[in-house]
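Presented below is the structure to which this report refers.
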Amino acid sequence: MDKRGALFGRWKMREGTWMLTNRWLNMMYLLEGEEMAALIDTGYGEGNIRQYVESVTDKPVIVICTHGHMDHTGGNGWWPWVYMALEGARASKEFLNKEQELWWKHMPYQDYEIIPVKDGDQIDLGGRILEILTIPAHHESSIAILDQKERLLFTGDELESGQVLYFVRDMNLPYQETAKAHLNNMEKIYARRKEYDALCPAHNGAMLDPDTYILDFMELDRQLIAGTAKLLPDEGGFGWGPDSHDGSNPFFDKYGVLRRAEYGQASVVYEESLK
């Protein structure tokens, strides 16, 4: 606690499964097996996320990052190693602001090791197997994590209820190309639809209905590729205001004109010049 209130919060989704939040609008997940627990993403970096997690479970905790952006890897420095796709290595040390860099300097493992994961890898927590599915579009390092026992699919920033950003990759592509990659990834996870009941993204709410969100994103991707997507007057949306790109944000200000496209429950923000 500090004068701004509690830094971390948690909701018990079901036995052995918690959603953790912080005041930076991150959603992280703590999954407990018989032998160990997994923390999916470590958030923005403020506070000691390891200390908080270890107050929730008495199992040894491993970390799996859905991708390399530092609002998901900001607390990695509390652990000596983490699981992550190697494509996220560069982004996982690119601070989003000066405040985040200051927090990082207080962590004991600033040169933590990345244990690489690839498509099809399985991590056994003891009676609870997590399968890695590579789904790179929002970022080159993006993975989904399929919890076979609890029938949950953790999607990071590649699918969520607010918006998916198509312009924050290490190597940006024309947005239609990113839409093609995203469409392929949505088709990939939808092909596994019988293996999960709900989606758990890293921002803006969980648990999401797979049939609504995946199918809507697939259609929006098709429209973006064809140039027929419905554009909104500005990029403002759930958790994302028009002032996100007004000259005050050092991370987003380096990008050009941003556009928001929507279809049903799906929404994408992309950079207009990337075509």
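As shown in the structure tokens, the chain order sets the letters A, B, ...; within each chain, residues go from 1, and ligands are also counted from 1 in the order they appear.
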
DSSP on the backbone: what in range 78-130 of chain A comes out strand (DSSP E), as a PDB file with N, CA, C and O atoms, in the first residue's frame?
ATOM      1  N   TRP A  81      15.514 -16.338 -14.269  1.00  0.00           N
ATOM      2  CA  TRP A  81      15.238 -16.772 -15.643  1.00  0.00           C
ATOM      3  C   TRP A  81      13.738 -16.769 -15.875  1.00  0.00           C
ATOM      4  O   TRP A  81      12.947 -16.869 -14.933  1.00  0.00           O
ATOM      5  N   VAL A  82      13.371 -16.648 -17.164  1.00  0.00           N
ATOM      6  CA  VAL A  82      11.955 -16.668 -17.553  1.00  0.00           C
ATOM      7  C   VAL A  82      11.815 -17.422 -18.861  1.00  0.00           C
ATOM      8  O   VAL A  82      12.765 -17.513 -19.646  1.00  0.00           O
ATOM      9  N   TYR A  83      10.636 -17.948 -19.098  1.00  0.00           N
ATOM     10  CA  TYR A  83      10.303 -18.533 -20.393  1.00  0.00           C
ATOM     11  C   TYR A  83       9.757 -17.429 -21.301  1.00  0.00           C
ATOM     12  O   TYR A  83       8.865 -16.668 -20.916  1.00  0.00           O
ATOM     13  N   MET A  84      10.286 -17.360 -22.534  1.00  0.00           N
ATOM     14  CA  MET A  84       9.817 -16.357 -23.482  1.00  0.00           C
ATOM     15  C   MET A  84      10.352 -16.716 -24.864  1.00  0.00           C
ATOM     16  O   MET A  84      11.442 -17.297 -24.984  1.00  0.00           O
ATOM     17  N   GLU A 113      18.115 -14.690 -17.455  1.00  0.00           N
ATOM     18  CA  GLU A 113      18.234 -15.575 -18.620  1.00  0.00           C
ATOM     19  C   GLU A 113      16.866 -15.808 -19.250  1.00  0.00           C
ATOM     20  O   GLU A 113      15.858 -15.951 -18.548  1.00  0.00           O
ATOM     21  N   ILE A 114      16.823 -15.831 -20.573  1.00  0.00           N
ATOM     22  CA  ILE A 114      15.607 -16.197 -21.304  1.00  0.00           C
ATOM     23  C   ILE A 114      15.703 -17.659 -21.707  1.00  0.00           C
ATOM     24  O   ILE A 114      16.633 -18.056 -22.415  1.00  0.00           O
ATOM     25  N   ILE A 115      14.760 -18.462 -21.218  1.00  0.00           N
ATOM     26  CA  ILE A 115      14.636 -19.846 -21.669  1.00  0.00           C
ATOM     27  C   ILE A 115      13.686 -19.833 -22.854  1.00  0.00           C
ATOM     28  O   ILE A 115      12.500 -19.529 -22.698  1.00  0.00           O
ATOM     29  N   PRO A 116      14.164 -20.113 -24.057  1.00  0.00           N
ATOM     30  CA  PRO A 116      13.308 -19.936 -25.245  1.00  0.00           C
ATOM     31  C   PRO A 116      12.195 -20.973 -25.313  1.00  0.00           C
ATOM     32  O   PRO A 116      12.386 -22.139 -24.947  1.00  0.00           O
ATOM     33  N   GLN A 122       5.646 -27.875 -24.191  1.00  0.00           N
ATOM     34  CA  GLN A 122       4.749 -28.083 -23.068  1.00  0.00           C
ATOM     35  C   GLN A 122       5.499 -27.895 -21.763  1.00  0.00           C
ATOM     36  O   GLN A 122       6.644 -28.329 -21.622  1.00  0.00           O
ATOM     37  N   ILE A 123       4.850 -27.233 -20.828  1.00  0.00           N
ATOM     38  CA  ILE A 123       5.411 -27.002 -19.499  1.00  0.00           C
ATOM     39  C   ILE A 123       4.469 -27.651 -18.501  1.00  0.00           C
ATOM     40  O   ILE A 123       3.288 -27.299 -18.415  1.00  0.00           O
ATOM     41  N   ASP A 124       4.992 -28.621 -17.749  1.00  0.00           N
ATOM     42  CA  ASP A 124       4.176 -29.389 -16.804  1.00  0.00           C
ATOM     43  C   ASP A 124       4.369 -28.832 -15.401  1.00  0.00           C
ATOM     44  O   ASP A 124       5.466 -28.885 -14.839  1.00  0.00           O
ATOM     45  N   ILE A 129      -0.733 -29.151 -17.534  1.00  0.00           N
ATOM     46  CA  ILE A 129       0.186 -28.934 -18.650  1.00  0.00           C
ATOM     47  C   ILE A 129      -0.212 -27.662 -19.399  1.00  0.00           C
ATOM     48  O   ILE A 129      -1.381 -27.458 -19.736  1.00  0.00           O
ATOM     49  N   LEU A 130       0.775 -26.822 -19.674  1.00  0.00           N
ATOM     50  CA  LEU A 130       0.597 -25.605 -20.455  1.00  0.00           C
ATOM     51  C   LEU A 130       1.293 -25.798 -21.797  1.00  0.00           C
ATOM     52  O   LEU A 130       2.483 -26.104 -21.839  1.00  0.00           O
TER      53      LEU A 130
END

Practice task
Excluding Gly237 in chain A and residues on its chain fewer than 5 positions from it, collect all residues at most 9 Å away from it, counting only C-alpha atoms, and give them as a ChimeraX atom specification.
Solution key: /A:162-163,242,260,267

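Using only C-alpha atoms, the protein and nucleic acid residues lying no more than 8 Å from Ile135 in chain A, apart from those fewer than 2 places from it along its own chain, are Leu133, Ala137, Ser141, Ser142, Ile143, Ala144, Glu158, His182 and Asn185 of chain A.
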
Handout entry: Separation of CA of Leu232 in chain A from CA of Ala261 in chain A, in Å and rounded to one decimal
Key = 6.1 Å

Skipping near chain neighbours, those fewer than 5 positions away, what residues fall within 12 Å of Leu220 in chain A using only C-alpha atoms, listed as a PDB file with C-alpha atoms, in the first residue's frame?
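Final file, selection_9.pdb:
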ATOM      1  CA  GLN A 163      -7.991  -3.353 -29.215  1.00  0.00           C
ATOM      2  CA  VAL A 164      -5.020  -5.077 -30.790  1.00  0.00           C
ATOM      3  CA  GLN A 176      -2.340  -5.424 -44.286  1.00  0.00           C
ATOM      4  CA  ALA A 179      -3.554  -8.358 -40.573  1.00  0.00           C
ATOM      5  CA  LYS A 180      -2.722 -11.422 -42.700  1.00  0.00           C
ATOM      6  CA  HIS A 182      -3.096 -12.061 -37.339  1.00  0.00           C
ATOM      7  CA  LEU A 183      -5.767 -13.793 -39.426  1.00  0.00           C
ATOM      8  CA  MET A 186      -6.739 -16.591 -35.301  1.00  0.00           C
ATOM      9  CA  TYR A 213     -14.078 -12.549 -30.349  1.00  0.00           C
ATOM     10  CA  ILE A 214     -12.071 -14.880 -32.571  1.00  0.00           C
ATOM     11  CA  LEU A 215     -14.616 -14.879 -35.395  1.00  0.00           C
ATOM     12  CA  ILE A 225      -6.682  -6.874 -46.048  1.00  0.00           C
ATOM     13  CA  ALA A 226      -9.387  -5.995 -48.585  1.00  0.00           C
ATOM     14  CA  GLY A 227      -9.434  -2.295 -47.653  1.00  0.00           C
ATOM     15  CA  THR A 228     -13.116  -2.348 -46.649  1.00  0.00           C
ATOM     16  CA  ALA A 229     -12.839  -2.078 -42.846  1.00  0.00           C
ATOM     17  CA  LYS A 230     -14.997   0.433 -40.972  1.00  0.00           C
ATOM     18  CA  LEU A 231     -12.801   3.251 -39.639  1.00  0.00           C
ATOM     19  CA  ARG A 260      -8.954   2.472 -35.478  1.00  0.00           C
ATOM     20  CA  ALA A 261     -10.982  -0.142 -37.362  1.00  0.00           C
ATOM     21  CA  GLU A 262     -13.810  -2.150 -35.815  1.00  0.00           C
ATOM     22  CA  TYR A 263     -16.056  -5.084 -36.586  1.00  0.00           C
ATOM     23  CA  GLY A 264     -18.427  -6.444 -33.918  1.00  0.00           C
ATOM     24  CA  GLN A 265     -16.373  -6.976 -30.764  1.00  0.00           C
ATOM     25  CA  ALA A 266     -13.045  -6.778 -32.614  1.00  0.00           C
ATOM     26  CA  SER A 267     -10.984  -3.604 -32.804  1.00  0.00           C
ATOM     27  CA  VAL A 268      -7.555  -2.833 -34.236  1.00  0.00           C
ATOM     28  CA  VAL A 269      -5.358   0.281 -34.114  1.00  0.00           C
TER      29      VAL A 269
END

Practice task
Considering only C-alpha atoms, state which residue in the set A:Ser55, A:Asn26, A:Gln223, A:Thr212 is at the smallest distance from Tyr190 in chain A.
Solution key: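 Once distances to Tyr190 in chain A are computed over only C-alpha atoms, the minimum belongs to A:Thr212.
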
Handout entry: Which of range 11-101 of chain A fall in helix (DSSP H, G or I), as number ranges by chain
Key = A: 49-56, 70-73, 76-78, 86-88, 91-93, 98-101
